[in-house]
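Dumped model_31.cif below, it's mmCIF, C-alpha atoms:
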```cif
data_coords
#
loop_
_atom_site.group_PDB
_atom_site.id
_atom_site.type_symbol
_atom_site.label_atom_id
_atom_site.label_comp_id
_atom_site.auth_asym_id
_atom_site.auth_seq_id
_atom_site.Cartn_x
_atom_site.Cartn_y
_atom_site.Cartn_z
ATOM 1 C CA LYS A 28 -16.274 -69.206 -21.005
ATOM 2 C CA THR A 29 -13.557 -67.947 -18.736
ATOM 3 C CA LYS A 30 -12.419 -65.501 -21.404
ATOM 4 C CA GLN A 31 -15.977 -64.237 -21.949
ATOM 5 C CA PHE A 32 -16.431 -63.800 -18.214
ATOM 6 C CA ASN A 33 -13.168 -61.808 -17.920
ATOM 7 C CA SER A 34 -14.131 -59.606 -20.860
ATOM 8 C CA ARG A 35 -17.510 -58.817 -19.335
ATOM 9 C CA LEU A 36 -15.868 -58.109 -15.972
ATOM 10 C CA LEU A 37 -13.403 -55.726 -17.632
ATOM 11 C CA LEU A 38 -16.191 -53.887 -19.452
ATOM 12 C CA LYS A 39 -18.161 -53.497 -16.227
ATOM 13 C CA TYR A 40 -15.029 -52.137 -14.471
ATOM 14 C CA CYS A 41 -14.352 -49.610 -17.251
ATOM 15 C CA PHE A 42 -17.972 -48.477 -17.213
ATOM 16 C CA ALA A 43 -17.902 -48.064 -13.434
ATOM 17 C CA MET A 44 -14.680 -45.983 -13.544
ATOM 18 C CA THR A 45 -16.083 -43.766 -16.298
ATOM 19 C CA SER A 46 -19.207 -43.118 -14.221
ATOM 20 C CA ILE A 47 -17.095 -42.237 -11.167
ATOM 21 C CA ASN A 48 -14.962 -39.801 -13.196
ATOM 22 C CA LEU A 49 -18.035 -38.082 -14.610
ATOM 23 C CA LEU A 50 -19.465 -37.792 -11.110
ATOM 24 C CA LEU A 51 -16.242 -36.198 -9.841
ATOM 25 C CA VAL A 52 -16.225 -33.692 -12.715
ATOM 26 C CA ASN A 53 -19.820 -32.701 -11.946
ATOM 27 C CA ILE A 54 -19.042 -32.299 -8.238
ATOM 28 C CA LEU A 55 -16.035 -30.054 -8.991
ATOM 29 C CA ALA A 56 -18.065 -27.964 -11.429
ATOM 30 C CA LEU A 57 -20.820 -27.547 -8.854
ATOM 31 C CA ALA A 58 -18.298 -26.550 -6.180
ATOM 32 C CA SER A 59 -16.731 -23.961 -8.501
ATOM 33 C CA ALA A 60 -20.122 -22.445 -9.214
ATOM 34 C CA PHE A 61 -20.671 -21.770 -5.522
ATOM 35 C CA ALA A 62 -17.086 -20.682 -4.681
ATOM 36 C CA PRO A 63 -16.856 -17.261 -2.959
ATOM 37 C CA ASN A 64 -16.517 -14.481 -5.551
ATOM 38 C CA ALA A 65 -13.955 -12.575 -3.458
ATOM 39 C CA PHE A 66 -11.572 -15.533 -3.493
ATOM 40 C CA ILE A 67 -11.869 -15.949 -7.251
ATOM 41 C CA THR A 68 -11.391 -12.222 -7.874
ATOM 42 C CA ARG A 69 -8.309 -11.876 -5.663
ATOM 43 C CA THR A 70 -6.651 -14.979 -7.105
ATOM 44 C CA ALA A 71 -7.203 -13.743 -10.642
ATOM 45 C CA SER A 72 -5.916 -10.293 -9.736
ATOM 46 C CA PHE A 73 -2.743 -11.758 -8.243
ATOM 47 C CA ARG A 74 -2.025 -13.755 -11.390
ATOM 48 C CA LYS A 75 -2.642 -10.747 -13.573
ATOM 49 C CA SER A 76 -0.021 -8.690 -11.767
ATOM 50 C CA SER A 77 2.420 -11.369 -10.637
ATOM 51 C CA SER A 78 4.881 -10.377 -13.391
ATOM 52 C CA LEU A 79 5.535 -7.171 -11.435
ATOM 53 C CA TYR A 80 7.905 -9.094 -9.177
ATOM 54 C CA MET A 81 10.370 -9.146 -12.066
ATOM 55 C CA VAL A 82 10.742 -5.376 -12.291
ATOM 56 C CA GLN A 83 10.526 -4.210 -8.702
ATOM 57 C CA GLY A 84 13.191 -3.458 -6.126
ATOM 58 C CA GLN A 85 15.745 -2.448 -8.757
ATOM 59 C CA GLY A 86 16.135 1.130 -7.570
ATOM 60 C CA ASP A 87 14.870 2.525 -10.899
ATOM 61 C CA GLY A 88 11.866 4.724 -11.539
ATOM 62 C CA TYR A 89 8.467 3.013 -11.462
ATOM 63 C CA LYS A 90 6.287 3.229 -14.540
ATOM 64 C CA LYS A 91 2.823 3.288 -12.956
ATOM 65 C CA VAL A 92 2.322 4.434 -9.375
ATOM 66 C CA PHE A 93 -0.876 4.258 -7.334
ATOM 67 C CA VAL A 94 -1.442 7.269 -5.061
ATOM 68 C CA ALA A 95 -3.964 7.332 -2.206
ATOM 69 C CA GLY A 96 -4.569 10.805 -0.795
ATOM 70 C CA GLY A 97 -3.660 12.549 -4.042
ATOM 71 C CA SER A 98 -6.480 15.096 -4.035
ATOM 72 C CA LYS A 99 -4.840 17.598 -1.673
ATOM 73 C CA GLY A 100 -1.888 18.404 0.571
ATOM 74 C CA VAL A 101 1.262 16.296 0.325
ATOM 75 C CA GLY A 102 -0.441 13.670 -1.843
ATOM 76 C CA ARG A 103 -1.441 16.235 -4.477
ATOM 77 C CA ILE A 104 2.144 17.465 -4.756
ATOM 78 C CA VAL A 105 3.349 13.847 -4.908
ATOM 79 C CA VAL A 106 1.227 13.401 -8.042
ATOM 80 C CA ASP A 107 2.981 16.356 -9.714
ATOM 81 C CA LYS A 108 6.427 15.116 -8.660
ATOM 82 C CA LEU A 109 5.746 11.644 -10.042
ATOM 83 C CA LEU A 110 4.640 13.090 -13.375
ATOM 84 C CA GLU A 111 7.813 15.190 -13.487
ATOM 85 C CA SER A 112 9.858 12.033 -12.923
ATOM 86 C CA GLY A 113 8.196 10.331 -15.900
ATOM 87 C CA SER A 114 5.856 7.976 -14.043
ATOM 88 C CA GLU A 115 2.199 7.420 -14.844
ATOM 89 C CA VAL A 116 -0.112 7.995 -11.887
ATOM 90 C CA VAL A 117 -3.291 6.249 -10.802
ATOM 91 C CA ALA A 118 -5.101 8.365 -8.207
ATOM 92 C CA LEU A 119 -8.003 7.326 -5.999
ATOM 93 C CA VAL A 120 -10.077 10.339 -4.912
ATOM 94 C CA ARG A 121 -13.537 10.919 -3.446
ATOM 95 C CA SER A 122 -14.768 14.266 -4.773
ATOM 96 C CA GLU A 123 -15.952 15.190 -8.251
ATOM 97 C CA GLU A 124 -13.809 18.320 -8.006
ATOM 98 C CA ALA A 125 -10.670 16.228 -7.505
ATOM 99 C CA VAL A 126 -11.677 13.894 -10.339
ATOM 100 C CA SER A 127 -12.099 16.877 -12.671
ATOM 101 C CA GLU A 128 -8.779 18.469 -11.668
ATOM 102 C CA LEU A 129 -6.615 15.365 -11.848
ATOM 103 C CA SER A 130 -8.260 14.042 -15.024
ATOM 104 C CA SER A 131 -7.039 17.145 -16.830
ATOM 105 C CA LEU A 132 -3.413 16.146 -16.193
ATOM 106 C CA GLU A 133 -1.691 14.079 -18.875
ATOM 107 C CA GLY A 134 -0.434 10.803 -17.446
ATOM 108 C CA VAL A 135 -3.013 10.571 -14.645
ATOM 109 C CA THR A 136 -5.777 7.964 -14.442
ATOM 110 C CA VAL A 137 -8.407 8.828 -11.847
ATOM 111 C CA PHE A 138 -10.706 6.484 -9.937
ATOM 112 C CA LYS A 139 -13.551 7.983 -7.939
ATOM 113 C CA GLY A 140 -14.100 6.086 -4.704
ATOM 114 C CA ASP A 141 -13.450 5.789 -0.995
ATOM 115 C CA ALA A 142 -10.192 4.337 0.360
ATOM 116 C CA MET A 143 -12.221 2.989 3.292
ATOM 117 C CA ASP A 144 -13.610 0.365 0.879
ATOM 118 C CA TYR A 145 -11.093 -2.419 0.211
ATOM 119 C CA LYS A 146 -12.445 -3.561 -3.167
ATOM 120 C CA THR A 147 -12.354 0.015 -4.469
ATOM 121 C CA VAL A 148 -8.672 0.317 -3.529
ATOM 122 C CA GLU A 149 -7.791 -3.053 -5.073
ATOM 123 C CA GLY A 150 -9.612 -2.258 -8.292
ATOM 124 C CA ALA A 151 -7.834 1.080 -8.678
ATOM 125 C CA MET A 152 -4.377 -0.299 -7.826
ATOM 126 C CA ASP A 153 -4.528 -3.313 -10.131
ATOM 127 C CA GLY A 154 -1.876 -2.928 -12.849
ATOM 128 C CA CYS A 155 0.388 -0.563 -10.887
ATOM 129 C CA ASP A 156 3.966 -1.428 -9.942
ATOM 130 C CA ALA A 157 4.282 0.771 -6.830
ATOM 131 C CA ALA A 158 2.022 2.504 -4.300
ATOM 132 C CA ILE A 159 2.252 5.656 -2.181
ATOM 133 C CA THR A 160 -0.291 6.513 0.499
ATOM 134 C CA THR A 161 -0.529 9.842 2.287
ATOM 135 C CA LEU A 162 -3.972 9.163 3.755
ATOM 136 C CA GLY A 163 -4.667 10.844 7.070
ATOM 137 C CA GLY A 164 -7.193 12.751 9.121
ATOM 138 C CA GLY A 165 -7.446 15.195 12.000
ATOM 139 C CA PRO A 166 -7.553 14.395 15.745
ATOM 140 C CA GLY A 167 -11.232 13.359 15.465
ATOM 141 C CA ASP A 168 -12.641 9.981 16.365
ATOM 142 C CA SER A 169 -10.772 7.535 18.607
ATOM 143 C CA ASP A 170 -12.482 4.541 16.956
ATOM 144 C CA LEU A 171 -9.823 3.048 14.672
ATOM 145 C CA LYS A 172 -12.468 1.405 12.482
ATOM 146 C CA SER A 173 -13.731 4.809 11.395
ATOM 147 C CA ARG A 174 -10.343 6.407 10.733
ATOM 148 C CA VAL A 175 -8.810 6.562 7.251
ATOM 149 C CA ASP A 176 -5.381 6.773 8.926
ATOM 150 C CA TYR A 177 -5.750 3.097 9.779
ATOM 151 C CA VAL A 178 -8.487 1.561 7.630
ATOM 152 C CA GLY A 179 -7.584 3.395 4.415
ATOM 153 C CA ASN A 180 -3.852 2.820 4.793
ATOM 154 C CA ASN A 181 -4.456 -0.806 5.747
ATOM 155 C CA ASN A 182 -6.546 -1.286 2.594
ATOM 156 C CA VAL A 183 -3.707 0.082 0.479
ATOM 157 C CA ILE A 184 -1.206 -2.236 2.171
ATOM 158 C CA GLU A 185 -3.463 -5.298 1.851
ATOM 159 C CA ALA A 186 -4.290 -4.608 -1.801
ATOM 160 C CA ALA A 187 -0.588 -4.213 -2.599
ATOM 161 C CA GLY A 188 0.077 -7.578 -0.983
ATOM 162 C CA ILE A 189 -2.722 -9.311 -2.895
ATOM 163 C CA LEU A 190 -1.791 -7.765 -6.243
ATOM 164 C CA GLY A 191 1.958 -8.324 -5.948
ATOM 165 C CA VAL A 192 2.835 -4.620 -5.705
ATOM 166 C CA THR A 193 5.943 -5.005 -3.563
ATOM 167 C CA ARG A 194 7.070 -1.334 -3.449
ATOM 168 C CA VAL A 195 5.040 0.704 -0.966
ATOM 169 C CA VAL A 196 5.749 4.084 0.636
ATOM 170 C CA LEU A 197 3.579 4.895 3.668
ATOM 171 C CA VAL A 198 3.553 8.489 4.911
ATOM 172 C CA THR A 199 2.589 8.810 8.589
ATOM 173 C CA SER A 200 3.942 11.277 11.171
ATOM 174 C CA ILE A 201 6.591 11.914 13.782
ATOM 175 C CA GLY A 202 4.963 10.774 17.006
ATOM 176 C CA CYS A 203 4.233 7.277 15.720
ATOM 177 C CA GLY A 204 6.003 4.241 17.134
ATOM 178 C CA SER A 205 9.626 4.800 18.092
ATOM 179 C CA SER A 206 9.380 8.553 17.403
ATOM 180 C CA LYS A 207 6.827 9.179 20.166
ATOM 181 C CA GLU A 208 9.566 10.376 22.515
ATOM 182 C CA ALA A 209 10.444 13.188 20.100
ATOM 183 C CA THR A 210 6.966 14.719 20.284
ATOM 184 C CA PRO A 211 6.191 17.237 23.046
ATOM 185 C CA PRO A 212 3.549 15.686 25.380
ATOM 186 C CA SER A 213 1.069 18.507 24.777
ATOM 187 C CA VAL A 214 1.298 18.039 21.007
ATOM 188 C CA TYR A 215 1.017 14.259 21.295
ATOM 189 C CA GLU A 216 -2.188 14.496 23.343
ATOM 190 C CA VAL A 217 -3.831 16.692 20.713
ATOM 191 C CA LEU A 218 -2.850 14.358 17.858
ATOM 192 C CA LYS A 219 -3.090 11.095 19.809
ATOM 193 C CA ASN A 220 -6.016 9.532 17.911
ATOM 194 C CA ALA A 221 -4.457 10.192 14.517
ATOM 195 C CA LEU A 222 -1.003 9.056 15.625
ATOM 196 C CA LEU A 223 -2.270 5.780 17.092
ATOM 197 C CA ALA A 224 -4.228 5.020 13.904
ATOM 198 C CA LYS A 225 -1.194 5.716 11.712
ATOM 199 C CA GLU A 226 1.012 3.666 14.031
ATOM 200 C CA LYS A 227 -1.298 0.676 13.731
ATOM 201 C CA ALA A 228 -1.056 0.893 9.931
ATOM 202 C CA GLU A 229 2.737 1.030 10.242
ATOM 203 C CA ASN A 230 2.729 -2.111 12.373
ATOM 204 C CA VAL A 231 0.618 -3.997 9.835
ATOM 205 C CA LEU A 232 3.119 -3.153 7.105
ATOM 206 C CA ILE A 233 6.180 -4.019 9.206
ATOM 207 C CA LYS A 234 4.931 -7.244 10.778
ATOM 208 C CA TYR A 235 2.837 -8.906 8.092
ATOM 209 C CA TYR A 236 4.283 -7.771 4.751
ATOM 210 C CA THR A 237 7.901 -8.829 5.102
ATOM 211 C CA ASN A 238 8.217 -9.560 1.365
ATOM 212 C CA MET A 239 7.522 -5.929 0.463
ATOM 213 C CA ASN A 240 10.200 -3.322 -0.153
ATOM 214 C CA TRP A 241 8.365 -0.830 2.035
ATOM 215 C CA THR A 242 9.430 2.570 3.336
ATOM 216 C CA ILE A 243 7.752 4.532 6.122
ATOM 217 C CA VAL A 244 8.233 8.307 6.098
ATOM 218 C CA ARG A 245 7.302 10.277 9.232
ATOM 219 C CA PRO A 246 7.198 14.031 8.564
ATOM 220 C CA GLY A 247 7.280 16.624 11.310
ATOM 221 C CA GLY A 248 4.821 19.536 11.479
ATOM 222 C CA LEU A 249 3.553 20.308 7.978
ATOM 223 C CA VAL A 250 3.763 23.836 6.593
ATOM 224 C CA SER A 251 2.163 25.128 3.375
ATOM 225 C CA ASP A 252 4.786 27.242 1.618
ATOM 226 C CA VAL A 253 7.323 26.997 -1.182
ATOM 227 C CA ALA A 254 9.984 24.320 -0.839
ATOM 228 C CA THR A 255 13.259 25.248 0.842
ATOM 229 C CA GLU A 256 15.022 22.190 -0.649
ATOM 230 C CA LYS A 257 16.864 21.861 2.661
ATOM 231 C CA ALA A 258 14.706 19.189 4.285
ATOM 232 C CA ILE A 259 16.306 15.908 5.308
ATOM 233 C CA LEU A 260 15.392 12.324 6.075
ATOM 234 C CA THR A 261 16.882 10.754 9.180
ATOM 235 C CA GLU A 262 16.838 7.469 11.078
ATOM 236 C CA ASP A 263 17.186 9.431 14.321
ATOM 237 C CA THR A 264 13.953 8.832 16.251
ATOM 238 C CA LYS A 265 14.612 11.937 18.379
ATOM 239 C CA ALA A 266 14.316 14.252 15.373
ATOM 240 C CA ILE A 267 11.538 16.837 15.632
ATOM 241 C CA GLY A 268 10.665 19.973 13.712
ATOM 242 C CA SER A 269 8.663 21.294 10.782
ATOM 243 C CA ILE A 270 8.748 20.619 7.061
ATOM 244 C CA ARG A 271 7.039 22.158 4.066
ATOM 245 C CA ARG A 272 4.599 20.003 2.136
ATOM 246 C CA ALA A 273 6.455 20.503 -1.140
ATOM 247 C CA ASP A 274 9.681 19.262 0.465
ATOM 248 C CA ILE A 275 8.142 16.154 2.025
ATOM 249 C CA ALA A 276 6.481 15.305 -1.312
ATOM 250 C CA ASP A 277 9.845 15.582 -3.038
ATOM 251 C CA LEU A 278 11.510 13.332 -0.442
ATOM 252 C CA VAL A 279 8.725 10.745 -0.715
ATOM 253 C CA VAL A 280 9.166 10.472 -4.487
ATOM 254 C CA GLN A 281 12.941 10.224 -4.060
ATOM 255 C CA CYS A 282 12.426 7.418 -1.529
ATOM 256 C CA LEU A 283 10.336 5.494 -4.038
ATOM 257 C CA SER A 284 13.309 4.834 -6.323
ATOM 258 C CA SER A 285 16.015 4.645 -3.625
ATOM 259 C CA LYS A 286 17.121 1.125 -2.678
ATOM 260 C CA ASN A 287 18.707 2.582 0.473
ATOM 261 C CA THR A 288 15.262 3.376 1.863
ATOM 262 C CA GLU A 289 13.826 -0.133 1.528
ATOM 263 C CA LYS A 290 12.535 -1.471 4.865
ATOM 264 C CA LYS A 291 13.515 1.796 6.555
ATOM 265 C CA ILE A 292 11.536 4.051 8.916
ATOM 266 C CA LEU A 293 12.617 7.652 8.363
ATOM 267 C CA SER A 294 11.673 10.932 9.986
ATOM 268 C CA ALA A 295 11.539 14.036 7.796
ATOM 269 C CA VAL A 296 12.313 17.525 9.079
ATOM 270 C CA ASP A 297 13.763 20.783 7.796
ATOM 271 C CA PRO A 298 16.632 22.103 9.963
ATOM 272 C CA SER A 299 16.375 25.490 8.237
ATOM 273 C CA ILE A 300 12.863 26.151 9.600
ATOM 274 C CA PRO A 301 12.560 27.305 13.238
ATOM 275 C CA SER A 302 10.173 25.068 15.181
ATOM 276 C CA SER A 303 8.526 25.587 18.560
ATOM 277 C CA ALA A 304 8.639 21.802 18.997
ATOM 278 C CA ASN A 305 12.429 21.869 18.821
ATOM 279 C CA VAL A 306 13.294 24.614 21.270
ATOM 280 C CA ASP A 307 16.608 22.954 22.139
ATOM 281 C CA GLY A 308 17.760 23.069 18.531
ATOM 282 C CA TYR A 309 18.400 19.330 18.344
ATOM 283 C CA SER A 310 20.190 18.401 15.109
ATOM 284 C CA ALA A 311 19.760 14.975 13.502
ATOM 285 C CA ALA A 312 22.109 13.316 11.040
ATOM 286 C CA ALA A 313 20.803 13.163 7.474
ATOM 287 C CA PHE A 314 20.068 9.828 5.833
ATOM 288 C CA ALA A 315 21.785 9.191 2.490
ATOM 289 C CA LEU A 316 19.295 8.379 -0.265
ATOM 290 C CA ALA A 317 22.002 7.196 -2.637
#
```
Output the file's structure as structure tokens, nothing else.
Amino acid sequence: KTKQFNSRLLLKYCFAMTSINLLLVNILALASAFAPNAFITRTASFRKSSSLYMVQGQGDGYKKVFVAGGSKGVGRIVVDKLLESGSEVVALVRSEEAVSELSSLEGVTVFKGDAMDYKTVEGAMDGCDAAITTLGGGPGDSDLKSRVDYVGNNNVIEAAGILGVTRVVLVTSIGCGSSKEATPPSVYEVLKNALLAKEKAENVLIKYYTNMNWTIVRPGGLVSDVATEKAILTEDTKAIGSIRRADIADLVVQCLSSKNTEKKILSAVDPSIPSSANVDGYSAAAFALA
């Protein structure tokens, strides 16, 4: 009788444990069904691109580079320079005209969308192994939440962090952060809103993305003309002057594959171009890329 009682007790115990396990499985399945979609998407995206950590920070050329701001100005020339260097380019642009132009270039994948929308940036960047952003706007609005200088650049930085894209080059401007002293007060007041927005994006990158091999490039006054090939990068925060867009684009692409520029903030000027902002003729020491 004792044996029969023990056998029945054991069967009841096993049945009870099986019921509890089934209940736990159902609870977990139910919880998964109602989990936030954003969390699931970002986790999956991170896993998809996590292998990028193995190839980054080696100082070599990057195979697939995301470019924000590639429809015009410095960013458009950056696209051409990257293609010349053998990299594929993924460009995020807003206008149909830009989509049409860039889509005609071999080696360029174009996404139409707004950098002010985080999910759009993340979707376009997914699968890239480096990112360059030249996003910026005019003096305009003082509300940081409406400025692409901050919101757009911040979206690029955040998406890179989520996706495991550890090489990021952020193009801002002389007048941001430690280079404020170099900017004539009258010029700073005119550009203040843009400079403060760019500076906030810089601070996000510096303070919260310490695992990234980032580079910040701060060009002086931009000029549209043929390259002089005499522009320099410098760590001197007193440097001020002008630089042609073709030259800054070339320096940005060189920075991308230079280990010396990792976690560096560099100003970019052209000593060969006279500048009203540098009436004293101040000369800064050039930074060695290699």
Exercise: segment 150-155 of chain A partners within 8 Å, only C-alpha atoms, chain neighbours under 4 positions left out, as number ranges by chain: A: 72, 75-76, 90-93, 117-119, 138, 146, 186-187, 190, 192
field: Close residues, Ile300 of chain A itself excluded, 8 Å, all atoms listed in the file, min 4 positions apart in chain, as a list in words
entry: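 The residues that qualify are Gly268, Ser269 and Ile270 of chain A.
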task: Evaluate the PyMOL selection byres ((chain A and resi 260) around 10) on the structure here and hand back the selected residues as a list in words.
output: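 Selection result, ordered by chain and number: Val244, Arg245, Pro246, Ala258, Ile259, Thr261, Glu262, Asp263, Ala266, Ile275, Leu278, Val279, Cys282, Thr288, Ile292, Leu293, Ser294, Ala295, Val296, Asp297, Ala311, Ala312, Ala313, Phe314, Ala315 and Leu316 of chain A.
Of the residues listed (A:Thr160, A:Ser122, A:Thr237, A:Ser127), A:Thr160 shows the shortest atom-to-atom separation from Val106 of chain A; distances use only C-alpha atoms.
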task: Measuring atom to atom with only C-alpha atoms, identify which of A:Val101, A:Leu197, A:Ala125, A:Ile189 is nearest to Val137 of chain A.
output: A:Ala125
message: Show me the residues around (-14.8, 7.2, -2.5) - criterion: an atom at most 8 Å away, all atoms listed in the file counted - as a list in words.
response: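 Residues satisfying the cut-off, written out: Leu119, Val120, Arg121, Ser122, Lys139, Gly140, Asp141, Ala142, Met143, Asp144 and Thr147 of chain A.
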Would you kindly return, as a PDB file with C-alpha atoms, in the coordinates of the input, each protein, DNA or RNA residue with an atom no farther than 12 Å from any atom of segment 225-235 of chain A, considering only C-alpha atoms and excluding same-chain residues fewer than 3 positions away?
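Done, and the output landed in around_5.pdb:
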```pdb
ATOM      1  CA  THR A 160      -0.291   6.513   0.499  1.00  0.00           C
ATOM      2  CA  THR A 161      -0.529   9.842   2.287  1.00  0.00           C
ATOM      3  CA  LEU A 162      -3.972   9.163   3.755  1.00  0.00           C
ATOM      4  CA  GLY A 163      -4.667  10.844   7.070  1.00  0.00           C
ATOM      5  CA  GLY A 164      -7.193  12.751   9.121  1.00  0.00           C
ATOM      6  CA  GLY A 165      -7.446  15.195  12.000  1.00  0.00           C
ATOM      7  CA  PRO A 166      -7.553  14.395  15.745  1.00  0.00           C
ATOM      8  CA  SER A 169     -10.772   7.535  18.607  1.00  0.00           C
ATOM      9  CA  LEU A 171      -9.823   3.048  14.672  1.00  0.00           C
ATOM     10  CA  LYS A 172     -12.468   1.405  12.482  1.00  0.00           C
ATOM     11  CA  ARG A 174     -10.343   6.407  10.733  1.00  0.00           C
ATOM     12  CA  VAL A 175      -8.810   6.562   7.251  1.00  0.00           C
ATOM     13  CA  ASP A 176      -5.381   6.773   8.926  1.00  0.00           C
ATOM     14  CA  TYR A 177      -5.750   3.097   9.779  1.00  0.00           C
ATOM     15  CA  VAL A 178      -8.487   1.561   7.630  1.00  0.00           C
ATOM     16  CA  GLY A 179      -7.584   3.395   4.415  1.00  0.00           C
ATOM     17  CA  ASN A 180      -3.852   2.820   4.793  1.00  0.00           C
ATOM     18  CA  ASN A 181      -4.456  -0.806   5.747  1.00  0.00           C
ATOM     19  CA  ASN A 182      -6.546  -1.286   2.594  1.00  0.00           C
ATOM     20  CA  VAL A 183      -3.707   0.082   0.479  1.00  0.00           C
ATOM     21  CA  ILE A 184      -1.206  -2.236   2.171  1.00  0.00           C
ATOM     22  CA  GLU A 185      -3.463  -5.298   1.851  1.00  0.00           C
ATOM     23  CA  ALA A 186      -4.290  -4.608  -1.801  1.00  0.00           C
ATOM     24  CA  ALA A 187      -0.588  -4.213  -2.599  1.00  0.00           C
ATOM     25  CA  GLY A 188       0.077  -7.578  -0.983  1.00  0.00           C
ATOM     26  CA  THR A 193       5.943  -5.005  -3.563  1.00  0.00           C
ATOM     27  CA  ARG A 194       7.070  -1.334  -3.449  1.00  0.00           C
ATOM     28  CA  VAL A 195       5.040   0.704  -0.966  1.00  0.00           C
ATOM     29  CA  VAL A 196       5.749   4.084   0.636  1.00  0.00           C
ATOM     30  CA  LEU A 197       3.579   4.895   3.668  1.00  0.00           C
ATOM     31  CA  VAL A 198       3.553   8.489   4.911  1.00  0.00           C
ATOM     32  CA  THR A 199       2.589   8.810   8.589  1.00  0.00           C
ATOM     33  CA  SER A 200       3.942  11.277  11.171  1.00  0.00           C
ATOM     34  CA  ILE A 201       6.591  11.914  13.782  1.00  0.00           C
ATOM     35  CA  GLY A 202       4.963  10.774  17.006  1.00  0.00           C
ATOM     36  CA  CYS A 203       4.233   7.277  15.720  1.00  0.00           C
ATOM     37  CA  GLY A 204       6.003   4.241  17.134  1.00  0.00           C
ATOM     38  CA  SER A 205       9.626   4.800  18.092  1.00  0.00           C
ATOM     39  CA  SER A 206       9.380   8.553  17.403  1.00  0.00           C
ATOM     40  CA  LYS A 207       6.827   9.179  20.166  1.00  0.00           C
ATOM     41  CA  LEU A 218      -2.850  14.358  17.858  1.00  0.00           C
ATOM     42  CA  LYS A 219      -3.090  11.095  19.809  1.00  0.00           C
ATOM     43  CA  ASN A 220      -6.016   9.532  17.911  1.00  0.00           C
ATOM     44  CA  ALA A 221      -4.457  10.192  14.517  1.00  0.00           C
ATOM     45  CA  LEU A 222      -1.003   9.056  15.625  1.00  0.00           C
ATOM     46  CA  ASN A 238       8.217  -9.560   1.365  1.00  0.00           C
ATOM     47  CA  MET A 239       7.522  -5.929   0.463  1.00  0.00           C
ATOM     48  CA  ASN A 240      10.200  -3.322  -0.153  1.00  0.00           C
ATOM     49  CA  TRP A 241       8.365  -0.830   2.035  1.00  0.00           C
ATOM     50  CA  THR A 242       9.430   2.570   3.336  1.00  0.00           C
ATOM     51  CA  ILE A 243       7.752   4.532   6.122  1.00  0.00           C
ATOM     52  CA  VAL A 244       8.233   8.307   6.098  1.00  0.00           C
ATOM     53  CA  ARG A 245       7.302  10.277   9.232  1.00  0.00           C
ATOM     54  CA  GLU A 289      13.826  -0.133   1.528  1.00  0.00           C
ATOM     55  CA  LYS A 290      12.535  -1.471   4.865  1.00  0.00           C
ATOM     56  CA  LYS A 291      13.515   1.796   6.555  1.00  0.00           C
ATOM     57  CA  ILE A 292      11.536   4.051   8.916  1.00  0.00           C
TER      58      ILE A 292
END
```
field: Residue neighbourhood Glu111 of chain A, 12 Å, all atoms listed in the file, exclusion window fewer than 3 positions, as a list of chain:residue names
entry: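 What passes the distance filter is A:Gly88, A:Ile104, A:Val105, A:Val106, A:Asp107, A:Lys108, A:Ser114, A:Glu115, A:Val116, A:Leu132, A:Glu133, A:Gly134, A:Val135, A:Asp277, A:Val280, A:Gln281.
Separating atom CA of Lys265 of chain A from atom CA of Ser213 of chain A is a distance of 16.4 Å.
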message: Would you compute the distance between atom CA of Leu283 of chain A and atom CA of Tyr89 of chain A? Give it in Å to one decimal.
response: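 Separating atom CA of Leu283 of chain A from atom CA of Tyr89 of chain A is a distance of 8.0 Å.
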At the level of C-alpha atoms, write segment 258-276 of chain A to a file as a PDB file, in the first residue's frame, please.
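Wrote selection_32.pdb, looks like this:
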```pdb
ATOM      1  CA  ALA A 258      44.099  72.611 -46.860  1.00  0.00           C
ATOM      2  CA  ILE A 259      45.151  71.178 -43.512  1.00  0.00           C
ATOM      3  CA  LEU A 260      43.676  69.581 -40.423  1.00  0.00           C
ATOM      4  CA  THR A 261      44.859  70.842 -37.056  1.00  0.00           C
ATOM      5  CA  GLU A 262      44.274  70.226 -33.358  1.00  0.00           C
ATOM      6  CA  ASP A 263      44.882  73.931 -32.728  1.00  0.00           C
ATOM      7  CA  THR A 264      41.569  75.326 -31.458  1.00  0.00           C
ATOM      8  CA  LYS A 265      42.677  78.869 -32.367  1.00  0.00           C
ATOM      9  CA  ALA A 266      42.789  78.049 -36.082  1.00  0.00           C
ATOM     10  CA  ILE A 267      40.447  80.133 -38.235  1.00  0.00           C
ATOM     11  CA  GLY A 268      40.102  80.719 -41.952  1.00  0.00           C
ATOM     12  CA  SER A 269      38.372  79.482 -45.086  1.00  0.00           C
ATOM     13  CA  ILE A 270      38.401  76.185 -46.940  1.00  0.00           C
ATOM     14  CA  ARG A 271      36.995  75.009 -50.242  1.00  0.00           C
ATOM     15  CA  ARG A 272      34.274  72.381 -50.157  1.00  0.00           C
ATOM     16  CA  ALA A 273      36.231  70.012 -52.390  1.00  0.00           C
ATOM     17  CA  ASP A 274      39.200  70.171 -50.006  1.00  0.00           C
ATOM     18  CA  ILE A 275      37.171  69.541 -46.852  1.00  0.00           C
ATOM     19  CA  ALA A 276      35.444  66.587 -48.555  1.00  0.00           C
TER      20      ALA A 276
END
```
